[in-house]
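Remarks on the structure that follows.
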Amino acid sequence: FSDALDGRPEVFEVMEQHLPLALYNAPRDVKLSFMRRILARDTPPPRALREIEITMHRQKRLSSYEIPSIYPLNILQPLYPQLYRMNPSGFFMPSFLRAIRGDPLESFRDVMRPVAPVVVAFPMLRPGFCDMLVAEVQNFYMWACTTKQKILRTNALNTSPYGVVLSDMGMQGVLDDLMKQFVSPISTVFFSEVGGGSLDSHVSFVNLYHGDDNNGTDWHVDDSEVTLSVCLGKEFTGGEMYFNGRRCENHTTSMEKDEEKVIHPQVPGEALLHHGRHRHSVFPTFSGFRADMTMWCRSSVFRELRKYKTDFSNWCGECKNLGVQM
Ligand SMILES: O=C(O)CCC(=O)C(=O)O
Ligand SMILES: [Fe+2]
């Protein structure tokens with residue numbers, strides 16, 4: 001791998017653009033020498049599709065997070081390598097594992113409760129896993145600040161400047177497993193109308209909210225067929241999810257209906273699984289510190305079929321309305 005880099009500058013460029021991912025997959029000594037070379041170069045940081053400049057101002061504000069005080073200078077190493085490989089008993093609550101391993105129709109219903117039409121809530125992640133993931137994200141974010149990397153921004157509607165796209169951290173593989181082995185079976189049961197059984201890609205990120213900033217997420221639908229949103233803690237007030245009706249692309253801004261409104265508090269470790277086009281916002285976090293992991297899961301089959309379809313009255317509240325009026 002280092003030889004290839006020495007001999008082939010174009011590979012070097014590609015590796016540079018995918019720096020964190022490359023580093024996590026490489027042996028330790030390669031990581032170190034690769035990082036030294038990157039840091040020695042007098043070139044701008046890697047470009048990203050949607051990027052944010054991390055400013056000194058933000059670095060200062062970060063000091064109020066629970067960030068460990070000692071950082072490996074300019075070298076990125078995972079704090080918790082065990083996060084990068086699927087380990088069901090270390091990641092998930094026993095009740096969740098029992099549900100996944102049981103008969104879907106019966107065991108899912110025991111653990112997963114509907115909190116709104118087609119929003120299901122269930123205890124999912126172990127507290128220890130949530131704590132490690134938050135610390136890992138903070139470590140990565142801090143590394144990006146200190147080395148002046150540009151990192152991908154998460155949802156543009158999210159007003160908090162603190163977030164990390166998890167594939168940037170090298171977590172694509174473990175999250176692929178999470179989607180295939182755990183999210184897909186549940187989505188097959190609850191979200192078949194939007195390709196819940198054929199999920200084949202995802203964009204996943206962690207958002208961090210600090211009470212002092214009063215940040216939340218504005219009204220939106222996700223760029224997903226099915227979204228998994230798990231509260232990672234810690235102690236906070238505010239941050240409730242506000243759902244307000246499923247709408248197809250043609251009716252995203254149509255009227256709210258009282259019977260569709262649902263407000264659900266975020267509970268550490270608890271997952272909410274919802275239809276991606278279920279309109280929602282997230283109330284500001286008023287005090288404390290809140291972290292959330294979001295997975296936008298997509299189905300390329302459903303997206304292809306959607307191009308030829310105009311009527312979604314089997315789930316879109318407005319298509320349903322119009323069907324009644326016609
Ligand atoms: O951060 C959250 O709690 C959820 C954000 C969200 O809805 C999104 O990014 O799609
Ligand atoms: Fe969302």
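Lettering and numbering for the structure tokens are positional, with chains as A, B, ... in the shown order, residues counted from 1 in each chain, and ligands counted from 1 in the shown order.
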Can you pull out every residue with an atom within 6 Å of ligand 1? Use only C-alpha atoms and all ligand atoms and format it as an MDAnalysis selection string. chainID A and resid 155 207 217 222 282 292
At a cut-off of 12 Å and counting only C-alpha atoms and all ligand atoms, what residues surround ligand 2? Please answer as a PDB file with C-alpha atoms, in the first residue's frame.
```pdb
ATOM      1  CA  THR A 154     -24.684  16.013   8.040  1.00  0.00           C
ATOM      2  CA  ASN A 155     -28.275  17.056   7.270  1.00  0.00           C
ATOM      3  CA  ALA A 156     -28.165  20.654   6.009  1.00  0.00           C
ATOM      4  CA  LEU A 157     -31.370  21.442   7.916  1.00  0.00           C
ATOM      5  CA  ASN A 158     -29.757  20.633  11.171  1.00  0.00           C
ATOM      6  CA  VAL A 203     -26.044   7.523   4.736  1.00  0.00           C
ATOM      7  CA  SER A 204     -25.403   7.529   8.467  1.00  0.00           C
ATOM      8  CA  PHE A 205     -24.304  10.243  10.828  1.00  0.00           C
ATOM      9  CA  VAL A 206     -24.153  11.369  14.426  1.00  0.00           C
ATOM     10  CA  ASN A 207     -25.367  14.818  15.432  1.00  0.00           C
ATOM     11  CA  GLY A 216     -32.579  21.436  16.604  1.00  0.00           C
ATOM     12  CA  THR A 217     -33.550  20.305  13.123  1.00  0.00           C
ATOM     13  CA  ASP A 218     -36.070  22.124  10.991  1.00  0.00           C
ATOM     14  CA  TRP A 219     -39.064  20.592   9.311  1.00  0.00           C
ATOM     15  CA  HIS A 220     -38.091  18.053   6.627  1.00  0.00           C
ATOM     16  CA  VAL A 221     -38.504  14.656   5.046  1.00  0.00           C
ATOM     17  CA  ASP A 222     -35.410  12.477   4.901  1.00  0.00           C
ATOM     18  CA  ASP A 223     -33.610  11.407   1.744  1.00  0.00           C
ATOM     19  CA  SER A 224     -34.375   7.820   2.695  1.00  0.00           C
ATOM     20  CA  GLU A 225     -36.998   5.119   2.406  1.00  0.00           C
ATOM     21  CA  VAL A 226     -36.628   4.137   6.050  1.00  0.00           C
ATOM     22  CA  THR A 227     -34.824   6.100   8.777  1.00  0.00           C
ATOM     23  CA  LEU A 228     -33.349   4.695  11.958  1.00  0.00           C
ATOM     24  CA  SER A 229     -32.801   7.353  14.595  1.00  0.00           C
ATOM     25  CA  VAL A 230     -31.238   6.315  17.907  1.00  0.00           C
ATOM     26  CA  MET A 241     -39.161  14.443  17.581  1.00  0.00           C
ATOM     27  CA  TYR A 242     -42.277  15.968  16.070  1.00  0.00           C
ATOM     28  CA  PHE A 243     -43.931  13.883  13.322  1.00  0.00           C
ATOM     29  CA  LEU A 272     -37.210   5.203  16.348  1.00  0.00           C
ATOM     30  CA  LEU A 273     -37.714   3.604  12.961  1.00  0.00           C
ATOM     31  CA  HIS A 274     -39.802   5.653  10.589  1.00  0.00           C
ATOM     32  CA  HIS A 275     -40.799   6.033   6.990  1.00  0.00           C
ATOM     33  CA  GLY A 276     -38.296   8.418   5.352  1.00  0.00           C
ATOM     34  CA  ARG A 277     -41.062  10.619   3.974  1.00  0.00           C
ATOM     35  CA  HIS A 278     -42.734  11.033   7.320  1.00  0.00           C
ATOM     36  CA  ARG A 279     -42.411  14.787   7.840  1.00  0.00           C
ATOM     37  CA  HIS A 280     -40.639  15.656  11.050  1.00  0.00           C
ATOM     38  CA  SER A 281     -38.614  18.199  12.941  1.00  0.00           C
ATOM     39  CA  VAL A 282     -36.542  17.962  16.090  1.00  0.00           C
ATOM     40  CA  PHE A 283     -37.139  20.464  18.882  1.00  0.00           C
ATOM     41  CA  ASP A 292     -28.302  11.125  17.973  1.00  0.00           C
ATOM     42  CA  MET A 293     -27.291   8.532  15.414  1.00  0.00           C
ATOM     43  CA  THR A 294     -29.327   8.685  12.214  1.00  0.00           C
ATOM     44  CA  MET A 295     -29.265   6.160   9.366  1.00  0.00           C
ATOM     45  CA  TRP A 296     -30.995   7.138   6.140  1.00  0.00           C
ATOM     46  CA  CYS A 297     -31.588   3.716   4.529  1.00  0.00           C
TER      47      CYS A 297
END
```
Do you know which residues are at most 9 Å from region 192-198 of chain A counting only C-alpha atoms, after dropping those on the same chain fewer than 2 positions away, and could you put them as a PyMOL selection string? chain A and resi 183-190+200+225-226+275-276+297-303+314-315
What are the DSSP strand (DSSP E) residues of region 80-302 of chain A, as a count of residues only? 74
Given only C-alpha atoms as the basis, pick out the residue of A:Cys248, A:Met93, A:Val118, A:Ala271 nearest to Asp311 (chain A).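 Counting only C-alpha atoms, the residue closest to Asp311 (chain A) is A:Cys248.
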Measuring atom to atom with only C-alpha atoms, identify which of A:Leu133, A:Met124, A:Phe312, A:Phe182 is nearest to Ile100 (chain A).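 Closest candidate: A:Phe182.
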